[in-house]
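K.L.:
Below is final.cif; it holds mmCIF, C-alpha atoms and all ligand atoms.
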```
data_data
loop_
_atom_site.group_PDB
_atom_site.id
_atom_site.type_symbol
_atom_site.label_atom_id
_atom_site.label_comp_id
_atom_site.auth_asym_id
_atom_site.auth_seq_id
_atom_site.Cartn_x
_atom_site.Cartn_y
_atom_site.Cartn_z
ATOM 1 C CA MET A 1 -37.059 38.224 -38.341
ATOM 2 C CA THR A 2 -40.072 36.277 -37.065
ATOM 3 C CA ARG A 3 -39.117 34.159 -34.064
ATOM 4 C CA ILE A 4 -41.033 30.950 -33.439
ATOM 5 C CA VAL A 5 -40.866 28.284 -30.731
ATOM 6 C CA VAL A 6 -42.181 24.800 -31.562
ATOM 7 C CA VAL A 7 -42.968 22.329 -28.779
ATOM 8 C CA GLY A 8 -43.720 18.879 -30.127
ATOM 9 C CA SER A 9 -42.852 15.498 -31.542
ATOM 10 C CA ILE A 10 -39.813 14.441 -33.541
ATOM 11 C CA ASN A 11 -40.215 11.213 -35.551
ATOM 12 C CA MET A 12 -38.437 9.226 -38.209
ATOM 13 C CA ASP A 13 -40.994 8.584 -40.962
ATOM 14 C CA LEU A 14 -40.681 5.095 -42.497
ATOM 15 C CA VAL A 15 -42.400 5.696 -45.812
ATOM 16 C CA THR A 16 -43.521 2.993 -48.243
ATOM 17 C CA LEU A 17 -44.929 3.964 -51.633
ATOM 18 C CA ALA A 18 -47.534 1.420 -52.708
ATOM 19 C CA PRO A 19 -49.870 1.045 -55.697
ATOM 20 C CA ARG A 20 -52.822 0.962 -53.227
ATOM 21 C CA PHE A 21 -53.444 0.274 -49.522
ATOM 22 C CA PRO A 22 -53.339 -3.425 -48.580
ATOM 23 C CA ALA A 23 -56.468 -5.058 -47.154
ATOM 24 C CA PRO A 24 -56.150 -6.602 -43.634
ATOM 25 C CA GLY A 25 -54.049 -9.783 -43.931
ATOM 26 C CA GLU A 26 -52.905 -8.952 -47.494
ATOM 27 C CA THR A 27 -49.250 -8.589 -48.591
ATOM 28 C CA LEU A 28 -48.517 -6.158 -51.406
ATOM 29 C CA THR A 29 -45.324 -5.359 -53.278
ATOM 30 C CA GLY A 30 -44.401 -1.722 -52.727
ATOM 31 C CA GLU A 31 -42.647 0.592 -55.193
ATOM 32 C CA ARG A 32 -40.149 2.397 -52.953
ATOM 33 C CA PHE A 33 -39.089 2.780 -49.300
ATOM 34 C CA LEU A 34 -37.636 5.929 -47.726
ATOM 35 C CA THR A 35 -36.725 7.152 -44.256
ATOM 36 C CA ILE A 36 -37.561 10.868 -43.974
ATOM 37 C CA PRO A 37 -37.429 12.989 -40.796
ATOM 38 C CA GLY A 38 -40.952 13.847 -39.618
ATOM 39 C CA GLY A 39 -43.122 14.243 -36.543
ATOM 40 C CA LYS A 40 -45.678 17.031 -36.311
ATOM 41 C CA GLY A 41 -43.465 19.222 -34.121
ATOM 42 C CA ALA A 42 -40.282 18.818 -36.148
ATOM 43 C CA ASN A 43 -42.249 19.241 -39.391
ATOM 44 C CA GLN A 44 -43.658 22.563 -38.203
ATOM 45 C CA ALA A 45 -40.186 23.671 -37.086
ATOM 46 C CA VAL A 46 -38.599 22.788 -40.442
ATOM 47 C CA ALA A 47 -41.411 24.375 -42.464
ATOM 48 C CA ALA A 48 -41.130 27.623 -40.476
ATOM 49 C CA ALA A 49 -37.324 27.665 -40.806
ATOM 50 C CA ARG A 50 -37.522 27.161 -44.593
ATOM 51 C CA LEU A 51 -39.925 30.110 -44.777
ATOM 52 C CA GLY A 52 -37.257 32.273 -43.150
ATOM 53 C CA ALA A 53 -38.219 32.260 -39.456
ATOM 54 C CA SER A 54 -35.776 31.893 -36.589
ATOM 55 C CA VAL A 55 -36.968 28.663 -34.946
ATOM 56 C CA SER A 56 -36.306 26.969 -31.598
ATOM 57 C CA MET A 57 -37.471 23.382 -31.074
ATOM 58 C CA VAL A 58 -38.465 21.834 -27.730
ATOM 59 C CA GLY A 59 -38.766 18.028 -27.755
ATOM 60 C CA CYS A 60 -37.072 14.674 -27.234
ATOM 61 C CA VAL A 61 -35.286 12.111 -29.384
ATOM 62 C CA GLY A 62 -34.020 8.694 -28.318
ATOM 63 C CA ASP A 63 -30.439 7.462 -27.994
ATOM 64 C CA ASP A 64 -30.690 5.355 -31.182
ATOM 65 C CA ALA A 65 -29.310 5.999 -34.672
ATOM 66 C CA PHE A 66 -32.569 7.722 -35.678
ATOM 67 C CA GLY A 67 -32.079 10.117 -32.758
ATOM 68 C CA THR A 68 -28.724 11.220 -34.161
ATOM 69 C CA GLN A 69 -30.138 11.668 -37.675
ATOM 70 C CA LEU A 70 -33.176 13.589 -36.419
ATOM 71 C CA TYR A 71 -31.099 15.888 -34.208
ATOM 72 C CA ASP A 72 -28.543 16.526 -36.973
ATOM 73 C CA GLY A 73 -31.355 17.141 -39.457
ATOM 74 C CA LEU A 74 -32.827 19.909 -37.289
ATOM 75 C CA VAL A 75 -29.377 21.475 -36.907
ATOM 76 C CA ALA A 76 -28.871 21.343 -40.696
ATOM 77 C CA GLU A 77 -32.130 23.309 -41.138
ATOM 78 C CA GLY A 78 -30.700 26.050 -38.901
ATOM 79 C CA ILE A 79 -33.063 25.266 -36.006
ATOM 80 C CA ASP A 80 -31.989 26.009 -32.422
ATOM 81 C CA VAL A 81 -31.871 22.599 -30.675
ATOM 82 C CA THR A 82 -30.795 23.812 -27.222
ATOM 83 C CA HIS A 83 -34.027 22.326 -25.831
ATOM 84 C CA VAL A 84 -34.054 19.072 -27.811
ATOM 85 C CA THR A 85 -33.204 16.408 -25.235
ATOM 86 C CA ARG A 86 -31.594 13.093 -26.086
ATOM 87 C CA VAL A 87 -33.263 10.559 -23.728
ATOM 88 C CA ALA A 88 -31.178 7.541 -22.681
ATOM 89 C CA GLY A 89 -32.573 4.014 -22.869
ATOM 90 C CA ILE A 90 -35.389 4.633 -25.349
ATOM 91 C CA GLY A 91 -35.751 4.827 -29.119
ATOM 92 C CA SER A 92 -36.876 7.813 -31.153
ATOM 93 C CA GLY A 93 -40.466 8.248 -32.274
ATOM 94 C CA THR A 94 -41.368 6.568 -35.552
ATOM 95 C CA ALA A 95 -44.227 6.824 -38.014
ATOM 96 C CA SER A 96 -44.866 3.921 -40.388
ATOM 97 C CA ILE A 97 -46.486 5.568 -43.394
ATOM 98 C CA THR A 98 -47.981 3.991 -46.490
ATOM 99 C CA VAL A 99 -48.551 6.410 -49.376
ATOM 100 C CA ALA A 100 -50.897 5.375 -52.201
ATOM 101 C CA GLY A 101 -52.607 7.600 -54.734
ATOM 102 C CA GLY A 102 -51.623 10.803 -52.920
ATOM 103 C CA GLU A 103 -53.292 9.618 -49.663
ATOM 104 C CA ASN A 104 -51.603 8.117 -46.610
ATOM 105 C CA GLN A 105 -52.094 5.762 -43.677
ATOM 106 C CA ILE A 106 -49.928 6.357 -40.598
ATOM 107 C CA VAL A 107 -49.103 4.408 -37.418
ATOM 108 C CA VAL A 108 -47.076 6.439 -34.900
ATOM 109 C CA VAL A 109 -45.013 4.968 -32.047
ATOM 110 C CA PRO A 110 -44.271 7.917 -29.700
ATOM 111 C CA ALA A 111 -41.229 6.380 -27.895
ATOM 112 C CA ALA A 112 -39.033 9.358 -26.786
ATOM 113 C CA ASN A 113 -41.820 11.824 -27.610
ATOM 114 C CA GLY A 114 -43.683 10.338 -24.637
ATOM 115 C CA ARG A 115 -40.867 11.578 -22.374
ATOM 116 C CA VAL A 116 -41.415 15.296 -23.003
ATOM 117 C CA THR A 117 -42.311 16.735 -19.575
ATOM 118 C CA PRO A 118 -43.508 20.093 -18.216
ATOM 119 C CA ALA A 119 -39.954 20.477 -16.840
ATOM 120 C CA HIS A 120 -38.531 20.370 -20.382
ATOM 121 C CA VAL A 121 -40.923 23.124 -21.415
ATOM 122 C CA GLU A 122 -40.208 25.160 -18.264
ATOM 123 C CA ALA A 123 -36.489 24.919 -19.048
ATOM 124 C CA ALA A 124 -37.227 26.699 -22.335
ATOM 125 C CA ARG A 125 -39.157 29.590 -20.712
ATOM 126 C CA GLU A 126 -36.420 32.107 -21.601
ATOM 127 C CA THR A 127 -36.726 31.038 -25.239
ATOM 128 C CA PHE A 128 -40.489 31.690 -25.178
ATOM 129 C CA ARG A 129 -39.904 35.257 -23.942
ATOM 130 C CA GLY A 130 -40.291 37.748 -26.817
ATOM 131 C CA ALA A 131 -41.131 35.079 -29.434
ATOM 132 C CA ASP A 132 -43.733 35.961 -32.083
ATOM 133 C CA ALA A 133 -45.565 32.640 -31.752
ATOM 134 C CA VAL A 134 -45.473 29.236 -30.083
ATOM 135 C CA LEU A 135 -46.632 26.223 -32.110
ATOM 136 C CA VAL A 136 -47.769 23.063 -30.311
ATOM 137 C CA GLN A 137 -49.607 19.867 -31.344
ATOM 138 C CA LEU A 138 -50.882 16.763 -29.489
ATOM 139 C CA GLU A 139 -48.178 14.155 -30.240
ATOM 140 C CA ILE A 140 -46.524 14.771 -26.845
ATOM 141 C CA PRO A 141 -47.973 14.143 -23.343
ATOM 142 C CA ARG A 142 -50.911 16.311 -22.292
ATOM 143 C CA ASP A 143 -49.119 17.772 -19.272
ATOM 144 C CA ALA A 144 -46.357 19.077 -21.568
ATOM 145 C CA VAL A 145 -48.998 20.674 -23.817
ATOM 146 C CA GLU A 146 -50.657 22.235 -20.786
ATOM 147 C CA ALA A 147 -47.271 23.593 -19.601
ATOM 148 C CA THR A 148 -46.706 25.072 -23.063
ATOM 149 C CA LEU A 149 -50.049 26.910 -22.976
ATOM 150 C CA ARG A 150 -49.417 28.153 -19.415
ATOM 151 C CA ILE A 151 -45.871 29.366 -20.017
ATOM 152 C CA ALA A 152 -46.767 31.035 -23.320
ATOM 153 C CA HIS A 153 -49.670 32.769 -21.557
ATOM 154 C CA ASP A 154 -47.357 33.900 -18.687
ATOM 155 C CA GLU A 155 -44.906 35.296 -21.236
ATOM 156 C CA GLY A 156 -47.585 36.925 -23.409
ATOM 157 C CA VAL A 157 -46.735 34.882 -26.515
ATOM 158 C CA PRO A 158 -49.592 33.828 -28.858
ATOM 159 C CA VAL A 159 -50.080 30.069 -29.205
ATOM 160 C CA ILE A 160 -51.177 28.230 -32.338
ATOM 161 C CA LEU A 161 -52.504 24.842 -31.187
ATOM 162 C CA ASN A 162 -52.821 22.202 -33.889
ATOM 163 C CA PRO A 163 -55.018 19.582 -32.158
ATOM 164 C CA ALA A 164 -53.642 16.519 -33.944
ATOM 165 C CA PRO A 165 -53.971 13.656 -33.256
ATOM 166 C CA ALA A 166 -57.309 14.875 -31.883
ATOM 167 C CA GLN A 167 -58.494 14.361 -28.310
ATOM 168 C CA PRO A 168 -61.047 16.220 -26.168
ATOM 169 C CA LEU A 169 -59.510 19.314 -24.543
ATOM 170 C CA PRO A 170 -60.686 21.396 -21.558
ATOM 171 C CA ARG A 171 -62.278 24.708 -22.554
ATOM 172 C CA GLU A 172 -59.933 26.512 -20.070
ATOM 173 C CA TRP A 173 -56.971 25.374 -22.179
ATOM 174 C CA LEU A 174 -58.557 26.655 -25.364
ATOM 175 C CA ALA A 175 -59.173 30.038 -23.743
ATOM 176 C CA HIS A 176 -55.368 30.514 -23.767
ATOM 177 C CA VAL A 177 -55.051 29.715 -27.474
ATOM 178 C CA ARG A 178 -54.669 32.475 -30.092
ATOM 179 C CA PHE A 179 -55.623 30.142 -32.961
ATOM 180 C CA LEU A 180 -56.836 26.543 -32.922
ATOM 181 C CA THR A 181 -56.072 24.874 -36.273
ATOM 182 C CA PRO A 182 -58.066 21.622 -36.632
ATOM 183 C CA ASN A 183 -59.817 19.935 -39.510
ATOM 184 C CA GLN A 184 -63.550 19.357 -39.072
ATOM 185 C CA HIS A 185 -63.189 15.913 -37.479
ATOM 186 C CA GLU A 186 -60.515 17.151 -35.064
ATOM 187 C CA LEU A 187 -62.592 20.155 -34.016
ATOM 188 C CA ALA A 188 -65.615 17.957 -33.246
ATOM 189 C CA THR A 189 -63.400 15.674 -31.123
ATOM 190 C CA VAL A 190 -61.696 18.552 -29.278
ATOM 191 C CA LEU A 191 -65.085 20.078 -28.387
ATOM 192 C CA GLY A 192 -66.772 16.724 -27.616
ATOM 193 C CA GLN A 193 -69.408 17.302 -30.336
ATOM 194 C CA PRO A 194 -70.899 14.782 -32.812
ATOM 195 C CA GLY A 195 -68.649 14.302 -35.851
ATOM 196 C CA ASP A 196 -71.371 15.294 -38.298
ATOM 197 C CA THR A 197 -71.936 18.755 -36.757
ATOM 198 C CA ASP A 198 -71.653 21.486 -39.404
ATOM 199 C CA PHE A 199 -68.099 22.864 -39.287
ATOM 200 C CA ARG A 200 -69.286 26.502 -39.162
ATOM 201 C CA GLU A 201 -71.369 25.656 -36.101
ATOM 202 C CA LEU A 202 -68.329 23.961 -34.514
ATOM 203 C CA MET A 203 -66.249 27.078 -35.192
ATOM 204 C CA ARG A 204 -68.860 29.171 -33.365
ATOM 205 C CA LEU A 205 -68.852 26.771 -30.387
ATOM 206 C CA ALA A 206 -65.066 27.009 -29.878
ATOM 207 C CA PRO A 207 -63.970 29.380 -27.081
ATOM 208 C CA CYS A 208 -61.065 30.685 -29.215
ATOM 209 C CA PRO A 209 -60.487 31.770 -32.832
ATOM 210 C CA VAL A 210 -60.357 28.824 -35.255
ATOM 211 C CA VAL A 211 -58.566 28.335 -38.563
ATOM 212 C CA LEU A 212 -60.146 25.174 -39.962
ATOM 213 C CA THR A 213 -58.434 23.273 -42.764
ATOM 214 C CA ARG A 214 -60.514 21.560 -45.462
ATOM 215 C CA GLY A 215 -57.846 19.827 -47.574
ATOM 216 C CA ALA A 216 -58.144 20.710 -51.264
ATOM 217 C CA GLU A 217 -61.079 23.030 -50.445
ATOM 218 C CA GLY A 218 -58.743 25.376 -48.566
ATOM 219 C CA ALA A 219 -59.485 26.800 -45.132
ATOM 220 C CA TRP A 220 -62.100 28.661 -43.111
ATOM 221 C CA PHE A 221 -61.132 31.179 -40.463
ATOM 222 C CA CYS A 222 -62.625 33.538 -37.929
ATOM 223 C CA ASP A 223 -60.953 35.927 -35.538
ATOM 224 C CA THR A 224 -62.640 38.229 -33.040
ATOM 225 C CA ASP A 225 -65.873 38.312 -35.059
ATOM 226 C CA ASP A 226 -67.886 35.110 -35.147
ATOM 227 C CA THR A 227 -68.225 35.053 -38.949
ATOM 228 C CA PRO A 228 -66.271 32.269 -40.700
ATOM 229 C CA HIS A 229 -64.459 33.445 -43.876
ATOM 230 C CA HIS A 230 -63.342 31.101 -46.660
ATOM 231 C CA GLN A 231 -59.974 30.873 -48.423
ATOM 232 C CA ALA A 232 -60.149 28.598 -51.459
ATOM 233 C CA GLY A 233 -57.496 25.908 -51.881
ATOM 234 C CA PHE A 234 -54.927 25.982 -54.685
ATOM 235 C CA ALA A 235 -55.290 23.231 -57.276
ATOM 236 C CA VAL A 236 -52.208 20.982 -57.502
ATOM 237 C CA GLU A 237 -51.632 17.357 -58.394
ATOM 238 C CA ALA A 238 -51.478 15.575 -55.031
ATOM 239 C CA VAL A 239 -48.392 13.372 -54.625
ATOM 240 C CA ASP A 240 -48.257 13.040 -50.817
ATOM 241 C CA SER A 241 -50.427 14.848 -48.277
ATOM 242 C CA THR A 242 -48.190 13.837 -45.323
ATOM 243 C CA GLY A 243 -47.247 16.928 -43.331
ATOM 244 C CA ALA A 244 -49.530 19.280 -45.295
ATOM 245 C CA GLY A 245 -51.226 20.351 -42.062
ATOM 246 C CA ASP A 246 -47.847 20.918 -40.398
ATOM 247 C CA THR A 247 -46.704 23.068 -43.310
ATOM 248 C CA PHE A 248 -49.965 25.025 -43.111
ATOM 249 C CA ASN A 249 -49.505 25.718 -39.379
ATOM 250 C CA ALA A 250 -45.921 26.872 -39.791
ATOM 251 C CA ALA A 251 -46.825 29.219 -42.651
ATOM 252 C CA LEU A 252 -49.762 30.615 -40.677
ATOM 253 C CA ALA A 253 -47.373 31.521 -37.856
ATOM 254 C CA VAL A 254 -44.687 32.941 -40.145
ATOM 255 C CA PHE A 255 -47.080 35.120 -42.183
ATOM 256 C CA LEU A 256 -49.415 36.161 -39.334
ATOM 257 C CA ALA A 257 -47.894 39.635 -39.128
ATOM 258 C CA GLU A 258 -49.389 40.273 -42.617
ATOM 259 C CA GLY A 259 -52.914 39.864 -41.205
ATOM 260 C CA LEU A 260 -54.996 36.721 -40.727
ATOM 261 C CA ALA A 261 -56.591 36.607 -44.205
ATOM 262 C CA GLU A 262 -53.230 36.980 -45.974
ATOM 263 C CA ALA A 263 -51.561 34.483 -43.618
ATOM 264 C CA VAL A 264 -54.281 31.895 -44.360
ATOM 265 C CA ARG A 265 -53.920 32.517 -48.132
ATOM 266 C CA LYS A 266 -50.167 32.012 -47.968
ATOM 267 C CA ALA A 267 -50.567 28.994 -45.663
ATOM 268 C CA CYS A 268 -52.917 27.363 -48.211
ATOM 269 C CA ALA A 269 -50.380 28.026 -50.987
ATOM 270 C CA THR A 270 -47.454 26.696 -48.926
ATOM 271 C CA ALA A 271 -49.382 23.534 -48.033
ATOM 272 C CA ALA A 272 -50.438 23.030 -51.679
ATOM 273 C CA ILE A 273 -46.785 23.071 -52.786
ATOM 274 C CA ALA A 274 -45.917 20.544 -50.049
ATOM 275 C CA VAL A 275 -48.728 18.215 -51.180
ATOM 276 C CA SER A 276 -47.365 18.227 -54.736
ATOM 277 C CA ARG A 277 -44.067 16.681 -53.522
ATOM 278 C CA LEU A 278 -43.038 13.501 -51.721
ATOM 279 C CA GLY A 279 -42.480 13.353 -47.958
ATOM 280 C CA ALA A 280 -43.469 15.660 -45.119
ATOM 281 C CA GLN A 281 -40.194 17.568 -44.765
ATOM 282 C CA GLY A 282 -39.285 16.477 -48.316
ATOM 283 C CA GLY A 283 -41.983 18.748 -49.745
ATOM 284 C CA MET A 284 -41.751 21.915 -47.681
ATOM 285 C CA PRO A 285 -40.976 25.000 -49.793
ATOM 286 C CA ARG A 286 -38.844 28.065 -49.149
ATOM 287 C CA ALA A 287 -40.346 31.568 -49.022
ATOM 288 C CA ASP A 288 -39.217 32.423 -52.578
ATOM 289 C CA GLU A 289 -40.941 29.293 -53.914
ATOM 290 C CA VAL A 290 -44.181 30.345 -52.207
ATOM 291 C CA ALA A 291 -43.894 33.835 -53.722
ATOM 292 C CA ALA A 292 -43.286 32.366 -57.198
ATOM 293 C CA PHE A 293 -46.223 29.959 -56.798
ATOM 294 C CA LEU A 294 -48.547 32.823 -55.838
ATOM 295 C CA GLU A 295 -47.493 34.725 -58.987
ATOM 296 C CA THR A 296 -48.930 31.972 -61.142
ATOM 297 C CA HIS A 297 -51.772 30.594 -58.980
ATOM 298 C CA ARG A 298 -54.820 32.624 -57.939
HETATM 299 O O1 LIG A 301 -48.276 15.288 -39.713
HETATM 300 C C1 LIG A 301 -47.460 14.357 -40.357
HETATM 301 C C2 LIG A 301 -46.609 13.653 -39.361
HETATM 302 O O2 LIG A 301 -47.434 12.874 -38.528
HETATM 303 C C3 LIG A 301 -45.638 12.681 -39.974
HETATM 304 O O3 LIG A 301 -44.400 13.284 -40.310
HETATM 305 C C4 LIG A 301 -45.512 11.609 -38.921
HETATM 306 O O4 LIG A 301 -44.301 11.598 -38.253
HETATM 307 C C5 LIG A 301 -46.678 11.840 -37.971
HETATM 308 O O5 LIG A 301 -46.243 12.299 -36.768
#
```
Would you mind giving the structure from this file in structure tokens?

P.N.:
Amino acid sequence: MTRIVVVGSINMDLVTLAPRFPAPGETLTGERFLTIPGGKGANQAVAAARLGASVSMVGCVGDDAFGTQLYDGLVAEGIDVTHVTRVAGIGSGTASITVAGGENQIVVVPAANGRVTPAHVEAARETFRGADAVLVQLEIPRDAVEATLRIAHDEGVPVILNPAPAQPLPREWLAHVRFLTPNQHELATVLGQPGDTDFRELMRLAPCPVVLTRGAEGAWFCDTDDTPHHQAGFAVEAVDSTGAGDTFNAALAVFLAEGLAEAVRKACATAAIAVSRLGAQGGMPRADEVAAFLETHR
């Protein structure tokens, strides 16, 4: 069984469905409100677990009611929470999300996610050992991300770094990354390049292999050669794109043993299914659903 370690954020998503996005200063009547577990780290952990991987999560929740729900939710998905720390005196991370017309707007308050330290990651070193992949994003402090890259490198475990929310990163960090998985805007930010630089040029400038997501257009990828290859997206009716990138990253890690091109194809399919359903973790499919989808979608 594929074994994956995820180091990252754990949020409660406060989701409002609205007929459209409000203008500044405007009040709108929404259609529905839901609380759904989210956070880029937890989303990737849940998506990987649903696809059949054995998953360990490293992160922090607060000592509030959300913290209990988030922790219990990870346990219910069969995820190892040995290295999920409950931090006293602070709330859990939240994301206020408005969904309208299949698109979203998100405001994240990190709260306990800001308390993830290099020491937390170091405490999970044994868990890294022998894992097939480590997944990490940028919703936790930079020093914890750096510790993740260092420890994974020490232990010889490939890292998939999803640079979201984007920030410039040192090239030495990227040299330790097996795959960087940005969208075009994120890749430009990570590399400190103008946002309108052609994405294929950005992929060539990166000091590590890149799998670049393009929403409904699918993904571009390159490995040891410098030639970007394209995987077309799968057409679905978009209900909620929240967590689509997280689902993509998890599937990429789970299916990587089948080769990069096949892993990207399956990651695009898995993300397409997630987009056709409501909620980040609400929409993540199981492996048999992905197989059935691929039978009927080319
Ligand atoms: O990537 C989607 C996630 O980003 C949401 O679940 C939300 O929590 C924010 O962290």

K.L.:
So that I can check the surroundings of range 124-134 of chain A, please list as a list in words every protein, DNA and RNA residue that reaches within 7 Å of it, counting all atoms listed in the file and ignoring chain neighbours fewer than 3 positions away.

P.N.:
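My list of contacting residues is Thr2, Arg3, Ile4, Val5, Val6, His83, His120, Val121, Ile151, Ala152, Glu155, Val157, Pro158, Val159, Ile160 and Ala253 of chain A.
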
K.L.:
Per residue of range 189-298 of chain A within 12 Å of range 14-26 of chain A, note the shortest atom pair and the distance in Å to one decimal, counting all atoms listed in the file, and order the rows by chain and increasing residue number, as JSON lines.

P.N.:
```
{"residue": "A:Val239", "atom": "CA", "partner": "A:Leu17", "partner_atom": "CA", "distance": 10.5}
{"residue": "A:Asp240", "atom": "CA", "partner": "A:Leu17", "partner_atom": "CA", "distance": 9.7}
{"residue": "A:Thr242", "atom": "CA", "partner": "A:Val15", "partner_atom": "CA", "distance": 10.0}
{"residue": "A:Leu278", "atom": "CA", "partner": "A:Leu17", "partner_atom": "CA", "distance": 9.7}
{"residue": "A:Gly279", "atom": "CA", "partner": "A:Val15", "partner_atom": "CA", "distance": 8.0}
{"residue": "A:Ala280", "atom": "CA", "partner": "A:Val15", "partner_atom": "CA", "distance": 10.0}
{"residue": "A:Gly282", "atom": "CA", "partner": "A:Val15", "partner_atom": "CA", "distance": 11.5}
```

K.L.:
Against range 164-179 of chain A, which residues of range 39-158 of chain A fall within 12 Å? For each one I want the closest pair of atoms and the distance in Å (one decimal), counting all atoms listed in the file, rows by chain and increasing residue number, as JSON lines.

P.N.:
```
{"residue": "A:Gly39", "atom": "CA", "partner": "A:Ala164", "partner_atom": "CA", "distance": 11.1}
{"residue": "A:Lys40", "atom": "CA", "partner": "A:Ala164", "partner_atom": "CA", "distance": 8.3}
{"residue": "A:Gly41", "atom": "CA", "partner": "A:Ala164", "partner_atom": "CA", "distance": 10.5}
{"residue": "A:Ile106", "atom": "CA", "partner": "A:Pro165", "partner_atom": "CA", "distance": 11.1}
{"residue": "A:Val107", "atom": "CA", "partner": "A:Pro165", "partner_atom": "CA", "distance": 11.2}
{"residue": "A:Val108", "atom": "CA", "partner": "A:Pro165", "partner_atom": "CA", "distance": 10.1}
{"residue": "A:Pro110", "atom": "CA", "partner": "A:Pro165", "partner_atom": "CA", "distance": 11.8}
{"residue": "A:Asp132", "atom": "CA", "partner": "A:Arg178", "partner_atom": "CA", "distance": 11.6}
{"residue": "A:Ala133", "atom": "CA", "partner": "A:Arg178", "partner_atom": "CA", "distance": 9.3}
{"residue": "A:Val134", "atom": "CA", "partner": "A:Arg178", "partner_atom": "CA", "distance": 9.7}
{"residue": "A:Leu135", "atom": "CA", "partner": "A:Phe179", "partner_atom": "CA", "distance": 9.8}
{"residue": "A:Val136", "atom": "CA", "partner": "A:Ala164", "partner_atom": "CA", "distance": 9.5}
{"residue": "A:Gln137", "atom": "CA", "partner": "A:Ala164", "partner_atom": "CA", "distance": 5.9}
{"residue": "A:Leu138", "atom": "CA", "partner": "A:Ala164", "partner_atom": "CA", "distance": 5.2}
{"residue": "A:Glu139", "atom": "CA", "partner": "A:Pro165", "partner_atom": "CA", "distance": 6.6}
{"residue": "A:Ile140", "atom": "CA", "partner": "A:Pro165", "partner_atom": "CA", "distance": 9.9}
{"residue": "A:Pro141", "atom": "CA", "partner": "A:Pro165", "partner_atom": "CA", "distance": 11.6}
{"residue": "A:Arg142", "atom": "CA", "partner": "A:Leu169", "partner_atom": "CA", "distance": 9.4}
{"residue": "A:Asp143", "atom": "CA", "partner": "A:Trp173", "partner_atom": "CA", "distance": 11.3}
{"residue": "A:Val145", "atom": "CA", "partner": "A:Trp173", "partner_atom": "CA", "distance": 9.4}
{"residue": "A:Glu146", "atom": "CA", "partner": "A:Trp173", "partner_atom": "CA", "distance": 7.2}
{"residue": "A:Ala147", "atom": "CA", "partner": "A:Trp173", "partner_atom": "CA", "distance": 10.2}
{"residue": "A:Thr148", "atom": "CA", "partner": "A:His176", "partner_atom": "CA", "distance": 10.3}
{"residue": "A:Leu149", "atom": "CA", "partner": "A:His176", "partner_atom": "CA", "distance": 6.5}
{"residue": "A:Arg150", "atom": "CA", "partner": "A:His176", "partner_atom": "CA", "distance": 7.7}
{"residue": "A:Ile151", "atom": "CA", "partner": "A:His176", "partner_atom": "CA", "distance": 10.3}
{"residue": "A:Ala152", "atom": "CA", "partner": "A:His176", "partner_atom": "CA", "distance": 8.6}
{"residue": "A:His153", "atom": "CA", "partner": "A:His176", "partner_atom": "CA", "distance": 6.5}
{"residue": "A:Asp154", "atom": "CA", "partner": "A:His176", "partner_atom": "CA", "distance": 10.1}
{"residue": "A:Glu155", "atom": "CA", "partner": "A:His176", "partner_atom": "CA", "distance": 11.8}
{"residue": "A:Gly156", "atom": "CA", "partner": "A:His176", "partner_atom": "CA", "distance": 10.1}
{"residue": "A:Val157", "atom": "CA", "partner": "A:Arg178", "partner_atom": "CA", "distance": 9.0}
{"residue": "A:Pro158", "atom": "CA", "partner": "A:Arg178", "partner_atom": "CA", "distance": 5.4}
```

K.L.:
For this file, the PyMOL selection byres (((chain A and resi 187) around 12) and not hetatm) selects which residues, as a PyMOL selection string?

P.N.:
chain A and resi 161-169+174+180-186+188-214

K.L.:
Would you write out, as a VMD selection string, every residue that the PyMOL selection byres (((chain A and resi 79) around 12) and not hetatm) captures in this file?

P.N.:
chain A and resid 3 to 6 42 to 50 52 to 58 70 to 78 80 to 84

K.L.:
Can I get a file of range 291-296 of chain A from the given structure, N, CA, C and O atoms kept, as a PDB file, in the first residue's frame?

P.N.:
```pdb
ATOM      1  N   ALA A 291     -11.822   5.052 -11.140  1.00  0.00           N
ATOM      2  CA  ALA A 291     -11.739   4.025 -12.189  1.00  0.00           C
ATOM      3  C   ALA A 291     -13.004   4.035 -13.045  1.00  0.00           C
ATOM      4  O   ALA A 291     -12.925   3.984 -14.287  1.00  0.00           O
ATOM      5  N   ALA A 292     -14.169   4.143 -12.409  1.00  0.00           N
ATOM      6  CA  ALA A 292     -15.433   4.157 -13.162  1.00  0.00           C
ATOM      7  C   ALA A 292     -15.526   5.402 -14.037  1.00  0.00           C
ATOM      8  O   ALA A 292     -15.973   5.343 -15.192  1.00  0.00           O
ATOM      9  N   PHE A 293     -15.091   6.538 -13.528  1.00  0.00           N
ATOM     10  CA  PHE A 293     -15.103   7.791 -14.288  1.00  0.00           C
ATOM     11  C   PHE A 293     -14.237   7.661 -15.540  1.00  0.00           C
ATOM     12  O   PHE A 293     -14.634   8.076 -16.635  1.00  0.00           O
ATOM     13  N   LEU A 294     -13.057   7.047 -15.368  1.00  0.00           N
ATOM     14  CA  LEU A 294     -12.127   6.922 -16.503  1.00  0.00           C
ATOM     15  C   LEU A 294     -12.639   5.944 -17.565  1.00  0.00           C
ATOM     16  O   LEU A 294     -12.212   6.003 -18.704  1.00  0.00           O
ATOM     17  N   GLU A 295     -13.552   5.041 -17.172  1.00  0.00           N
ATOM     18  CA  GLU A 295     -14.173   4.137 -18.149  1.00  0.00           C
ATOM     19  C   GLU A 295     -15.048   4.909 -19.125  1.00  0.00           C
ATOM     20  O   GLU A 295     -15.191   4.517 -20.276  1.00  0.00           O
ATOM     21  N   THR A 296     -15.643   5.985 -18.642  1.00  0.00           N
ATOM     22  CA  THR A 296     -16.622   6.701 -19.461  1.00  0.00           C
ATOM     23  C   THR A 296     -16.129   8.069 -19.935  1.00  0.00           C
ATOM     24  O   THR A 296     -16.832   8.737 -20.693  1.00  0.00           O
TER      25      THR A 296
END
```
